[in-house]
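Okay, coords-v9.txt now, which holds compact mmCIF, C-alpha atoms:
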# COMPACT_ATOMS: atom_id res chain seq x y z
CA MET A 188 29.52 -131.45 -53.20
CA LYS A 189 27.75 -128.66 -55.13
CA LYS A 190 24.36 -130.13 -54.26
CA ILE A 191 25.25 -130.20 -50.57
CA ILE A 192 26.34 -126.54 -50.65
CA LYS A 193 23.14 -125.54 -52.46
CA ALA A 194 21.03 -127.44 -49.96
CA ILE A 195 22.75 -125.73 -47.03
CA SER A 196 22.31 -122.29 -48.63
CA VAL A 197 18.60 -122.92 -49.26
CA LEU A 198 18.19 -124.00 -45.65
CA LEU A 199 19.92 -120.85 -44.39
CA VAL A 200 17.70 -118.68 -46.56
CA ALA A 201 14.60 -120.39 -45.22
CA VAL A 202 15.74 -119.90 -41.62
CA MET A 203 16.48 -116.20 -42.17
CA MET A 204 13.11 -115.65 -43.84
CA CYS A 205 11.35 -117.27 -40.89
CA THR A 206 13.15 -115.01 -38.46
CA SER A 207 12.28 -111.92 -40.54
CA PHE A 208 8.61 -112.90 -40.59
CA SER A 209 8.66 -113.52 -36.85
CA MET A 210 10.12 -110.04 -36.27
CA SER A 211 7.36 -108.43 -38.32
CA ALA A 212 4.78 -110.44 -36.41
CA PHE A 213 6.01 -109.08 -33.08
CA ALA A 214 6.53 -105.48 -34.29
CA ALA A 215 4.70 -103.18 -31.85
CA SER A 216 1.93 -101.10 -33.37
CA VAL A 217 0.76 -97.69 -32.18
CA HIS A 218 -2.25 -99.32 -30.55
CA ASP A 219 -0.03 -101.85 -28.75
CA MET A 220 2.28 -99.17 -27.39
CA GLN A 221 -0.57 -96.94 -26.17
CA ASN A 222 -2.29 -99.86 -24.45
CA GLU A 223 0.94 -101.06 -22.83
CA VAL A 224 1.71 -97.63 -21.36
CA LEU A 225 -1.76 -97.39 -19.83
CA ASP A 226 -1.68 -101.01 -18.65
CA VAL A 227 1.53 -100.27 -16.78
CA ALA A 228 0.09 -97.02 -15.35
CA ASN A 229 -3.18 -98.61 -14.22
CA GLY A 230 -1.22 -101.43 -12.62
CA GLU A 231 0.37 -98.83 -10.32
CA VAL A 232 -2.92 -97.33 -9.08
CA GLY A 233 -2.87 -97.38 -5.29
CA TYR A 234 0.89 -97.11 -4.90
CA THR A 235 1.77 -94.71 -2.08
CA GLY A 236 4.91 -92.58 -1.87
CA THR A 237 6.10 -89.51 0.02
CA SER A 238 7.72 -86.21 -0.84
CA LYS A 239 11.06 -87.74 0.16
CA TYR A 240 10.84 -91.18 -1.42
CA CYS A 241 9.07 -93.18 -4.13
CA LYS A 242 10.25 -96.05 -6.32
CA TYR A 243 9.91 -93.92 -9.46
CA GLY A 244 12.29 -91.34 -8.02
CA GLU A 245 14.73 -94.11 -7.09
CA TRP A 246 14.68 -95.29 -10.71
CA TYR A 247 15.15 -91.76 -12.06
CA GLY A 248 17.69 -90.59 -9.47
CA TYR A 249 15.68 -87.68 -8.01
CA GLN A 250 13.43 -87.65 -4.96
CA GLY A 251 10.83 -84.90 -4.69
CA GLY A 252 7.62 -84.17 -6.58
CA TRP A 253 7.13 -87.41 -8.53
CA CYS A 254 4.28 -86.88 -10.99
CA THR A 255 6.82 -86.46 -13.82
CA THR A 256 9.01 -89.39 -12.80
CA PHE A 257 5.91 -91.61 -12.63
CA VAL A 258 5.03 -90.78 -16.26
CA LEU A 259 8.60 -91.39 -17.47
CA TRP A 260 8.80 -94.64 -15.51
CA CYS A 261 5.62 -95.93 -17.20
CA PHE A 262 7.03 -95.27 -20.69
CA ASN A 263 10.35 -96.87 -19.78
CA LYS A 264 8.69 -100.02 -18.38
CA ALA A 265 6.23 -100.29 -21.27
CA GLY A 266 9.09 -99.94 -23.75
CA ASN A 267 11.03 -102.70 -22.02
CA ASN A 268 7.98 -104.97 -22.11
CA LEU A 269 7.57 -104.45 -25.87
CA ASP A 270 11.29 -104.22 -26.64
CA VAL A 271 10.73 -100.71 -28.03
CA ALA A 272 12.78 -97.67 -26.95
CA MET A 273 10.00 -95.27 -25.88
CA TYR A 274 11.86 -93.51 -23.07
CA LYS A 275 14.05 -90.64 -24.37
CA ASN A 276 12.51 -90.98 -27.85
CA ILE A 277 8.82 -90.12 -27.61
CA VAL A 278 9.11 -88.67 -24.08
CA PRO A 279 12.00 -86.57 -22.74
CA SER A 280 14.69 -88.06 -20.54
CA GLY A 281 13.61 -85.98 -17.56
CA GLY A 282 12.62 -82.56 -16.30
CA ASN A 283 9.53 -81.04 -14.76
CA CYS A 284 6.13 -80.17 -16.23
CA ASN A 285 7.20 -76.96 -17.95
CA SER A 286 10.37 -78.42 -19.47
CA MET A 287 8.30 -81.33 -20.78
CA ILE A 288 5.89 -78.87 -22.41
CA SER A 289 8.85 -77.10 -24.02
CA TRP A 290 10.17 -80.47 -25.27
CA TYR A 291 6.88 -81.21 -27.05
CA LYS A 292 6.55 -77.65 -28.34
CA ASN A 293 9.94 -77.95 -30.05
CA ARG A 294 8.58 -81.00 -31.91
CA ASP A 295 5.19 -79.42 -32.74
CA ARG A 296 3.44 -82.06 -30.64
CA TYR A 297 2.00 -79.89 -27.85
CA HIS A 298 -1.65 -78.80 -27.98
CA THR A 299 -3.37 -76.38 -25.63
CA ARG A 300 -6.86 -77.17 -24.34
CA GLU A 301 -8.23 -74.07 -26.09
CA SER A 302 -6.94 -75.29 -29.49
CA GLY A 303 -9.77 -77.82 -29.71
CA TYR A 304 -7.39 -80.79 -29.85
CA THR A 305 -9.01 -84.11 -28.96
CA PRO A 306 -6.68 -85.95 -26.58
CA LYS A 307 -5.71 -89.50 -27.40
CA LYS A 308 -5.01 -92.52 -25.25
CA GLY A 309 -1.40 -92.39 -24.06
CA ASP A 310 -1.08 -88.59 -24.31
CA LEU A 311 0.54 -86.61 -21.52
CA ILE A 312 -1.90 -84.22 -19.84
CA PHE A 313 -0.64 -81.05 -18.11
CA PHE A 314 -2.49 -79.09 -15.40
CA ASP A 315 -2.36 -75.50 -14.17
CA TRP A 316 -3.96 -75.52 -10.71
CA SER A 317 -3.11 -71.91 -9.86
CA GLY A 318 -4.15 -70.36 -13.18
CA ASN A 319 -0.87 -68.47 -13.62
CA GLY A 320 0.03 -70.05 -16.98
CA SER A 321 2.59 -72.42 -15.47
CA SER A 322 2.05 -76.17 -15.17
CA GLN A 323 2.37 -77.81 -11.77
CA HIS A 324 1.19 -81.37 -12.53
CA VAL A 325 1.25 -84.01 -15.27
CA GLY A 326 -0.48 -87.34 -15.86
CA LEU A 327 -1.51 -89.77 -18.60
CA VAL A 328 -4.73 -89.74 -20.63
CA ASP A 329 -6.49 -93.10 -20.17
CA TYR A 330 -9.52 -92.54 -22.38
CA ILE A 331 -12.16 -89.97 -23.39
CA ASP A 332 -15.92 -90.24 -22.98
CA GLY A 333 -17.63 -87.25 -24.54
CA SER A 334 -16.20 -84.19 -22.81
CA THR A 335 -15.00 -86.20 -19.78
CA VAL A 336 -11.28 -86.93 -19.61
CA TYR A 337 -10.12 -89.99 -17.65
CA THR A 338 -6.52 -90.04 -16.45
CA VAL A 339 -3.92 -91.93 -14.42
CA GLU A 340 -1.67 -89.65 -12.34
CA GLY A 341 1.16 -90.03 -9.89
CA ASN A 342 1.70 -88.04 -6.70
CA CYS A 343 -1.99 -87.25 -6.14
CA SER A 344 -1.96 -86.66 -2.38
CA GLY A 345 0.99 -89.07 -2.28
CA LYS A 346 -0.70 -91.83 -4.34
CA VAL A 347 -1.13 -93.07 -7.90
CA LYS A 348 -4.79 -92.46 -8.74
CA ALA A 349 -7.25 -92.91 -11.60
CA ARG A 350 -9.17 -89.63 -11.96
CA LYS A 351 -11.69 -87.90 -14.21
CA TYR A 352 -12.28 -84.28 -15.24
CA THR A 353 -15.67 -82.90 -16.28
CA THR A 354 -17.19 -79.54 -17.11
CA THR A 355 -19.18 -79.62 -13.86
CA GLY A 356 -16.48 -81.01 -11.58
CA SER A 357 -15.27 -79.10 -8.53
CA LYS A 358 -12.60 -76.54 -9.34
CA PRO A 359 -9.77 -76.78 -9.83
CA TYR A 360 -8.93 -80.41 -9.18
CA ASN A 361 -11.84 -82.12 -10.97
CA ASN A 362 -12.77 -79.57 -13.61
CA ILE A 363 -11.46 -79.58 -17.18
CA SER A 364 -10.67 -75.86 -16.79
CA ALA A 365 -7.54 -76.92 -14.88
CA ILE A 366 -6.23 -78.75 -17.97
CA MET A 367 -3.50 -76.67 -19.57
CA GLY A 368 -2.68 -78.84 -22.60
CA TYR A 369 -1.56 -82.17 -24.00
CA GLY A 370 1.75 -83.64 -25.16
CA ASN A 371 1.27 -86.15 -27.97
CA PRO A 372 4.09 -88.77 -28.12
CA ASP A 373 5.07 -89.81 -31.65
CA TYR A 374 4.20 -93.50 -31.38
CA THR A 375 4.06 -93.75 -35.19
CA SER A 376 7.80 -93.04 -35.51
CA LEU A 377 8.62 -96.10 -33.41
CA ALA A 378 6.19 -98.28 -35.37
CA LYS A 379 7.88 -97.23 -38.63
CA LYS A 380 11.29 -98.09 -37.23
CA GLY A 381 10.06 -101.64 -36.70
CA THR A 382 9.27 -102.03 -40.44
CA VAL A 383 12.72 -100.75 -41.41
CA LYS A 384 14.33 -103.53 -39.39
CA GLN A 385 12.21 -106.06 -41.29
CA THR A 386 13.51 -104.97 -44.72
CA THR A 387 17.14 -104.95 -43.62
CA THR A 388 16.94 -108.54 -42.43
CA LYS A 389 15.67 -109.66 -45.84
CA ARG A 390 18.60 -108.00 -47.59
CA VAL A 391 21.02 -109.90 -45.39
CA THR A 392 19.57 -113.18 -46.62
CA THR A 393 20.32 -112.30 -50.25
CA THR A 394 23.97 -111.54 -49.51
CA LYS A 395 24.52 -114.98 -48.02
CA LYS A 396 23.73 -116.60 -51.38
CA VAL A 397 26.60 -114.76 -53.01
CA ILE A 398 29.01 -115.96 -50.35
CA THR A 399 28.38 -119.60 -51.26
CA THR A 400 29.81 -119.18 -54.80
CA LYS A 401 33.36 -119.88 -55.97
CA LYS A 402 34.28 -116.22 -55.49
CA VAL A 403 35.19 -117.13 -51.95
CA THR A 404 38.67 -117.98 -53.14
CA THR A 405 39.04 -114.57 -54.75
CA THR A 406 38.01 -112.87 -51.55
CA LYS A 407 40.75 -114.73 -49.74
CA LYS A 408 43.27 -113.37 -52.21
CA VAL A 409 41.97 -109.88 -51.63
CA VAL A 410 42.31 -110.35 -47.91
CA THR A 411 45.94 -111.35 -48.32
CA LYS A 412 46.60 -108.24 -50.40
CA LYS A 413 44.99 -105.82 -47.94
CA PRO A 414 47.49 -106.37 -45.13
CA THR A 415 50.34 -105.56 -47.51
CA THR A 416 48.74 -102.27 -48.50
CA ALA A 417 48.01 -101.53 -44.88
CA LYS A 418 51.66 -102.00 -44.00
CA LYS A 419 52.61 -99.54 -46.71
CA VAL A 420 50.26 -96.96 -45.29
CA VAL A 421 51.74 -97.43 -41.84
CA THR A 422 55.23 -96.84 -43.15
CA THR A 423 54.11 -93.67 -44.88
CA THR A 424 52.55 -92.39 -41.70
CA LYS A 425 55.81 -92.91 -39.85
CA LYS A 426 57.60 -90.89 -42.50
CA VAL A 427 55.07 -88.13 -42.16
CA THR A 428 55.52 -87.92 -38.42
CA THR A 429 59.29 -87.69 -38.73
CA VAL A 430 58.99 -84.86 -41.24
CA LYS A 431 56.56 -82.96 -39.03
CA THR A 432 58.59 -83.35 -35.88
CA THR A 433 61.73 -82.07 -37.55
CA ALA A 434 59.83 -79.21 -39.10
CA THR A 435 58.21 -78.18 -35.89
CA THR A 436 61.32 -78.23 -33.69
CA LYS A 437 62.01 -74.66 -34.78
CA GLN A 438 58.52 -73.57 -33.69
CA LYS A 439 56.91 -73.04 -30.31
CA THR A 440 55.91 -75.88 -28.00
CA THR A 441 52.21 -75.21 -28.51
CA GLU A 442 52.60 -75.55 -32.29
CA LYS A 443 54.33 -78.90 -31.78
CA LYS A 444 51.36 -80.24 -29.89
CA ALA A 445 48.93 -79.06 -32.55
CA THR A 446 50.77 -80.77 -35.42
CA THR A 447 51.25 -84.05 -33.61
CA THR A 448 47.53 -84.30 -32.80
CA GLN A 449 46.78 -83.70 -36.45
CA VAL A 450 49.05 -86.53 -37.43
CA THR A 451 47.10 -88.94 -35.26
CA THR A 452 43.75 -87.85 -36.72
CA THR A 453 44.53 -87.32 -40.42
CA VAL A 454 47.66 -88.84 -41.88
CA THR A 455 47.22 -87.92 -45.52
CA THR A 456 47.28 -84.12 -45.17
CA THR A 457 50.90 -82.98 -44.78
CA ALA A 458 51.18 -79.85 -46.90
CA LYS A 459 49.22 -77.32 -44.77
CA PRO A 460 49.53 -77.90 -41.03
CA GLU A 461 47.92 -74.53 -40.27
CA THR A 462 44.62 -75.48 -41.92
CA ASN A 463 44.72 -78.81 -40.11
CA THR A 464 44.99 -77.02 -36.78
CA LYS A 465 41.94 -74.91 -37.59
CA GLN A 466 39.97 -77.97 -38.55
CA LYS A 467 40.87 -79.62 -35.26
CA THR A 468 39.76 -76.62 -33.21
CA THR A 469 36.43 -76.42 -34.99
CA LYS A 470 35.83 -80.09 -34.33
CA SER A 471 36.52 -79.70 -30.62
CA LYS A 472 33.92 -76.92 -30.37
CA ASN A 473 31.19 -79.27 -31.59
CA VAL A 474 31.72 -81.98 -29.00
CA PRO A 475 28.24 -82.94 -27.73
CA ALA A 476 27.57 -82.91 -24.00
CA GLN A 477 27.30 -86.38 -22.44
CA ASP A 478 26.33 -85.39 -18.90
CA MET A 479 25.75 -82.34 -16.70
CA GLU A 480 26.02 -81.47 -13.02
CA ILE A 481 24.28 -78.50 -11.34
CA TYR A 482 25.26 -76.72 -8.15
CA ALA A 483 24.13 -73.88 -5.87
CA SER A 484 25.58 -72.54 -2.61
CA THR A 485 22.19 -73.09 -0.90
CA THR A 486 18.67 -74.23 -1.72
CA ASN A 487 17.05 -72.68 1.39
CA LEU A 488 16.23 -69.05 0.68
CA GLU A 489 14.29 -66.18 2.21
CA VAL A 490 12.10 -63.82 0.21
CA GLY A 491 14.39 -61.34 -1.52
CA ASP A 492 17.44 -63.62 -1.55
CA SER A 493 19.25 -64.59 -4.73
CA VAL A 494 21.57 -67.47 -5.54
CA GLU A 495 23.29 -68.62 -8.70
CA LEU A 496 22.36 -72.07 -10.03
CA GLY A 497 25.39 -73.05 -12.09
CA TYR A 498 26.26 -76.10 -14.14
CA THR A 499 29.22 -78.03 -15.57
CA LEU A 500 29.18 -80.13 -18.72
CA GLU A 501 30.98 -83.39 -19.37
CA PRO A 502 33.31 -83.63 -21.20
CA LEU A 503 34.84 -80.30 -20.25
CA ASN A 504 35.15 -79.08 -23.87
CA ALA A 505 31.51 -79.85 -24.67
CA THR A 506 29.03 -77.24 -25.84
CA ALA A 507 25.29 -77.19 -25.26
CA VAL A 508 22.20 -75.00 -25.41
CA VAL A 509 21.12 -74.70 -21.77
CA GLY A 510 17.68 -73.68 -20.54
CA TYR A 511 16.12 -73.17 -17.10
CA PHE A 512 12.56 -74.14 -16.15
CA CYS A 513 10.50 -73.68 -12.98
CA ASP A 514 7.21 -75.35 -12.02
CA GLU A 515 6.02 -72.61 -9.64
CA GLU A 516 6.67 -69.07 -10.84
CA GLY A 517 5.12 -67.46 -7.76
CA VAL A 518 7.89 -68.84 -5.53
CA ILE A 519 11.06 -68.08 -7.47
CA GLN A 520 12.00 -66.07 -10.52
CA ILE A 521 14.79 -67.18 -12.88
CA GLU A 522 16.99 -64.32 -14.03
CA LYS A 523 19.57 -64.25 -16.82
CA GLY A 524 22.56 -66.52 -16.29
CA GLY A 525 20.75 -68.91 -13.96
CA GLU A 526 20.28 -66.49 -11.06
CA ILE A 527 17.50 -67.74 -8.79
CA LYS A 528 15.54 -64.99 -7.01
CA ALA A 529 13.14 -65.82 -4.17
CA ILE A 530 9.88 -63.87 -4.52
CA GLY A 531 7.33 -65.86 -2.48
CA GLU A 532 7.01 -68.51 0.19
CA GLY A 533 6.87 -72.17 -0.82
CA THR A 534 8.85 -74.88 -2.61
CA ALA A 535 9.67 -74.81 -6.32
CA THR A 536 11.47 -77.30 -8.57
CA VAL A 537 14.01 -75.86 -10.99
CA VAL A 538 15.18 -77.90 -13.98
CA VAL A 539 18.32 -77.22 -16.00
CA CYS A 540 18.18 -78.70 -19.52
CA ALA A 541 21.13 -79.15 -21.92
CA ASN A 542 20.46 -79.64 -25.65
CA ASP A 543 16.90 -80.73 -24.85
CA GLU A 544 18.33 -84.13 -23.86
CA ILE A 545 20.03 -83.93 -20.44
CA TYR A 546 17.93 -82.88 -17.46
CA LYS A 547 18.99 -82.12 -13.89
CA GLN A 548 16.75 -80.63 -11.22
CA CYS A 549 16.67 -79.49 -7.60
CA ASP A 550 14.14 -78.02 -5.15
CA PHE A 551 14.36 -74.53 -3.65
CA THR A 552 12.53 -73.79 -0.39
CA VAL A 553 11.64 -70.15 0.23
CA SER A 554 10.57 -68.82 3.66
CA SER A 555 9.49 -65.36 4.83
CA THR A 556 12.21 -62.86 5.64
CA SER A 557 13.08 -62.31 9.32
CA ALA A 558 14.41 -58.78 8.86
CA GLU A 559 13.82 -55.87 6.53
CA VAL A 560 17.04 -55.14 4.68
CA THR A 561 17.51 -51.82 2.86
CA ARG A 562 20.62 -50.78 1.00
CA GLN A 563 21.78 -47.21 0.39
CA LYS A 564 24.49 -46.75 -2.18
CA THR A 565 27.25 -44.33 -1.20
CA ALA A 566 30.04 -43.01 -3.37
CA ASN A 567 32.38 -45.88 -2.59
CA ASP A 568 30.41 -48.82 -1.25
CA TYR A 569 27.07 -50.17 -0.12
CA VAL A 570 25.98 -49.52 3.47
CA GLU A 571 23.60 -52.17 4.74
CA GLU A 572 21.00 -51.21 7.33
CA ILE A 573 18.99 -53.94 9.03
CA THR A 574 15.81 -52.84 10.77
CA THR A 575 14.40 -55.53 13.03
CA SER A 576 10.68 -55.47 13.67
CA THR A 577 9.13 -55.33 17.20
CA SER A 578 7.81 -58.85 16.87
CA ASN A 579 11.34 -60.09 16.28
CA ILE A 580 12.58 -58.29 19.46
CA GLU A 581 9.81 -59.85 21.52
CA LYS A 582 10.60 -63.18 20.01
CA THR A 583 14.23 -62.82 20.94
CA ASN A 584 13.37 -61.86 24.52
CA GLU A 585 11.03 -64.80 24.80
CA GLN A 586 13.80 -67.10 23.64
CA LYS A 587 16.15 -65.67 26.26
CA LEU A 588 13.58 -66.06 29.06
CA ASN A 589 12.81 -69.59 27.91
CA GLU A 590 16.50 -70.42 28.20
CA ILE A 591 16.43 -69.57 31.94
CA GLY A 592 13.22 -71.54 32.50
CA ILE A 593 10.53 -68.83 32.25
CA ASN A 594 7.77 -69.65 29.79
CA ILE A 595 6.42 -66.23 28.77
CA GLN A 596 3.78 -67.68 26.49
CA LYS A 597 2.40 -69.83 29.27
CA LEU A 598 2.27 -66.83 31.59
CA LYS A 599 0.41 -64.80 28.95
CA ASN A 600 -2.14 -67.54 28.48
CA ASN A 601 -2.76 -67.80 32.26
CA ASN A 602 -2.39 -64.19 33.37
CA GLU A 603 -5.53 -64.34 35.56
CA TYR A 604 -3.74 -66.79 37.86
CA TYR A 605 -0.69 -64.66 38.64
CA PHE A 606 -1.90 -61.05 38.19
CA VAL A 607 -3.57 -60.68 41.64
CA PRO A 608 -0.70 -62.28 43.62
CA LEU A 609 1.77 -60.07 41.83
CA ALA A 610 -0.34 -56.99 42.55
CA ILE A 611 -0.53 -57.88 46.27
CA ALA A 612 3.18 -58.52 46.40
CA GLY A 613 3.87 -55.19 44.70
CA ALA A 614 1.58 -53.30 47.08
CA THR A 615 3.23 -54.98 50.07
CA VAL A 616 6.62 -53.86 48.92
CA VAL A 617 5.44 -50.30 48.39
CA LEU A 618 3.77 -50.14 51.83
CA GLY A 619 6.88 -51.55 53.48
CA LEU A 620 9.04 -48.90 51.89
CA LEU A 621 6.59 -46.19 52.95
CA ALA A 622 6.57 -47.44 56.57
CA PHE A 623 10.35 -47.49 56.57
CA VAL A 624 10.51 -43.87 55.40
CA ILE A 625 7.91 -42.72 57.98
CA ARG A 626 9.79 -44.48 60.76
CA LYS A 627 13.02 -42.75 59.79
CA CYS A 628 11.31 -39.37 59.73
CA VAL A 629 9.76 -39.90 63.22
CA GLN A 630 13.08 -41.00 64.66
CA LYS A 631 14.77 -37.93 63.26
CA LYS A 632 12.20 -35.55 64.81
CA ILE A 633 12.51 -37.22 68.20
CA GLN A 634 16.28 -36.91 68.05
CA ASP A 635 16.01 -33.23 67.12
CA LYS A 636 13.77 -32.51 70.17
CA ASP A 637 16.15 -34.30 72.48
CA ASP A 638 18.96 -32.15 71.24
CA GLU A 639 16.97 -28.97 71.91
CA ASN A 640 16.11 -29.99 75.49
CA LYS A 641 19.77 -30.58 76.29

What do you get writing this file as structure tokens?
Amino acid sequence: MKKIIKAISVLLVAVMMCTSFSMSAFAASVHDMQNEVLDVANGEVGYTGTSKYCKYGEWYGYQGGWCTTFVLWCFNKAGNNLDVAMYKNIVPSGGNCNSMISWYKNRDRYHTRESGYTPKKGDLIFFDWSGNGSSQHVGLVDYIDGSTVYTVEGNCSGKVKARKYTTTGSKPYNNISAIMGYGNPDYTSLAKKGTVKQTTTKRVTTTKKVITTKKVTTTKKVVTKKPTTAKKVVTTTKKVTTVKTTATTKQKTTEKKATTTQVTTTVTTTAKPETNTKQKTTKSKNVPAQDMEIYASTTNLEVGDSVELGYTLEPLNATAVVGYFCDEEGVIQIEKGGEIKAIGEGTATVVVCANDEIYKQCDFTVSSTSAEVTRQKTANDYVEEITTSTSNIEKTNEQKLNEIGINIQKLKNNNEYYFVPLAIAGATVVLGLLAFVIRKCVQKKIQDKDDENK
């Protein structure tokens, strides 16, 4: 019987060692991960989307500018192919270009173009087309050839494209001067995690040898003793609850609730309920946020308008460090407390980030103002004066005439066809009125002479 048990144990050890070696054989290296990300990205070259829909936005849950969602989608798919969690580990879970830059800056893995950093395959590359210090586009570095940078980018005129940037390329879209910086994902950290898994599996194999000894019978005895001790603990907890409920009946209702919650969390501490209550409150303040929702009364603004972009965290008692990011600073300006101020025409994406982990975003569209609004502060209130420009009055009149079937614009464009007929008609009316007046005057003179003769 002993020989059979030993043979089975040796067989189990051999099987576990084979599985551990197979895991190490398939552990993804840095080179494998970089190549897989770019293989996935290059496989998407030619895909066409719109500003309202693309498959990457459908995966992420946001439809709009999709250069960022394309990059995140590539890391997620490559990670699934290699069974490595790249998404949310070496790239953020979401956001726009500027929030991604902030994410890498916080990890000391962002490098500006001026720093002399040599980009690597699988790096994120950020662009500043307008030259205002804010990034409006992101892609993936494919490879480097001298000073030429080859990339794969999403949402390039609505397509996934393979592009290159040189020192002599046309500005700004093909010149390296448009490159703002690089985000370097920490592929090495994921490769190291693969080796840790390998060592843990070997340790498991050694523990199984101990289980096959005669001490199995002693473990059974221990198991039979543990339920008895557990029952004793349960009885003591019941006694504690009865003591606390009787003690707290003389106190307020709020104090009752605090002590009973402490009983459910820590049973052993019965002497100082006040300190337990403080410990519970401090724990509730450190509840991490699991999700976030953002809201605004409107996303269609005119220049000069302001709107608050608020947020709610889940669970309700969660705390988080929240930041706001915008990809086009010339369109909107983010004030303290999430106030969005429209300063220029265009569309801008605003991202709200909680704890550098949860990202939500929305687009604001800003149009030119239709009226000049000035406010004069009086002693008691604000008096609002709206001065409408002449062009707006003409526009309103045109709309009214169009409603009754007169196309003013068409008449303006073809004035040579109706000016002469209108002039003739006007002259005819004037001459008719003049003839009528002369006739009346002649008739009156004739009547006056007749009266004199009589």

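Here atom CA of Gly309 of chain A stands at a distance of 24.7 Å from atom CA of Ser357 of chain A.
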
First collect every listed atom of segment 245-260 of chain A; then fit an axis-aligned box around them, widen it by 5 Å on each side, and give centre and edge lengths in Å to one decimal, as AutoDock Vina command-line options.
--center_x 11.0 --center_y -89.7 --center_z -11.1 --size_x 23.4 --size_y 21.1 --size_z 22.8

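Take atom CA of Ser344 of chain A and atom CA of Asn487 of chain A: the distance between them is 23.9 Å.
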
_Residue nearest Asn267 of chain A - candidates A:Glu223, A:Thr485, A:Thr305, A:Thr299, atoms counted: only C-alpha atoms_ = A:Glu223

_Nearest to Ala378 of chain A by atom-to-atom distance, counting all atoms listed in the file, from A:Ser216, A:Asn342, A:Asn640, A:Asn473_ = A:Ser216

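Considering all atoms listed in the file, the residue among A:Gln477, A:Thr335, A:Thr536, A:Ser238 positioned nearest to Phe512 of chain A is A:Thr536.
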
*Measure the distance from atom CA of Gly368 of chain A to atom CA of Thr338 of chain A in Å and round it to one decimal.*
13.3 Å

*For Asn283 of chain A, which residue among A:Ala610, A:Val537, A:Val494, A:Ile312 is the nearest when counting only C-alpha atoms?*
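For Asn283 of chain A, the nearest of the given residues is A:Val537.
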
Just the residues within 8 Å of Asn222 of chain A, please, counting only C-alpha atoms, with nothing from its chain fewer than 3 positions along; format it as a PDB file with C-alpha atoms, in the frame of the given file.
ATOM      1  CA  HIS A 218      -2.250 -99.320 -30.550  1.00  0.00           C
ATOM      2  CA  ASP A 219      -0.030-101.850 -28.750  1.00  0.00           C
ATOM      3  CA  LEU A 225      -1.760 -97.390 -19.830  1.00  0.00           C
ATOM      4  CA  ASP A 226      -1.680-101.010 -18.650  1.00  0.00           C
ATOM      5  CA  LYS A 308      -5.010 -92.520 -25.250  1.00  0.00           C
ATOM      6  CA  GLY A 309      -1.400 -92.390 -24.060  1.00  0.00           C
TER       7      GLY A 309
END

_Ranking A:Gly531, A:Gly491, A:Pro279, A:Val224 by minimum distance to Lys292 of chain A and counting all atoms listed in the file, which one comes first?_
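Smallest separation from Lys292 of chain A among the options: A:Pro279.
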
*Between A:Asn371, A:Thr255, A:Thr355, A:Asn361, which one has atoms that come closest to Tyr304 of chain A, using all atoms listed in the file?*
A:Asn371

*List the neighbours of Trp290 of chain A out to 12 Å using only C-alpha atoms; skip same-chain residues closer than 3 positions along the sequence, and give me the result as an MDAnalysis selection string.*
chainID A and resid 275:287 293:297 369:372 510 512 540:546

*In the coordinates of the file, take the point (-15.7, -86.0, -24.6) and a cut-off of 12 Å; then, counting all atoms listed in the file, name each qualifying protein, DNA or RNA residue as a list in words.*
Gly303, Tyr304, Thr305, Pro306, Lys307, Tyr330, Ile331, Asp332, Gly333, Ser334, Thr335, Val336, Tyr337, Lys351, Tyr352, Thr353, Thr354 and Ile363 of chain A

*Considering all atoms listed in the file, return as a ChimeraX atom specification whatever protein or nucleic-acid residues lie within 9 Å of Ala483 of chain A, sequence-local ones (same chain, fewer than 3 positions apart) excluded.*
/A:486,494-498

Saved selection, atoms kept: C-alpha atoms, as an mmCIF file, keeping the file's coordinate frame:
data_model
loop_
_atom_site.group_PDB
_atom_site.id
_atom_site.type_symbol
_atom_site.label_atom_id
_atom_site.label_comp_id
_atom_site.auth_asym_id
_atom_site.auth_seq_id
_atom_site.Cartn_x
_atom_site.Cartn_y
_atom_site.Cartn_z
ATOM 1 C CA THR A 486 18.670 -74.230 -1.720
ATOM 2 C CA VAL A 494 21.570 -67.470 -5.540
ATOM 3 C CA GLU A 495 23.290 -68.620 -8.700
ATOM 4 C CA LEU A 496 22.360 -72.070 -10.030
ATOM 5 C CA GLY A 497 25.390 -73.050 -12.090
ATOM 6 C CA TYR A 498 26.260 -76.100 -14.140
#
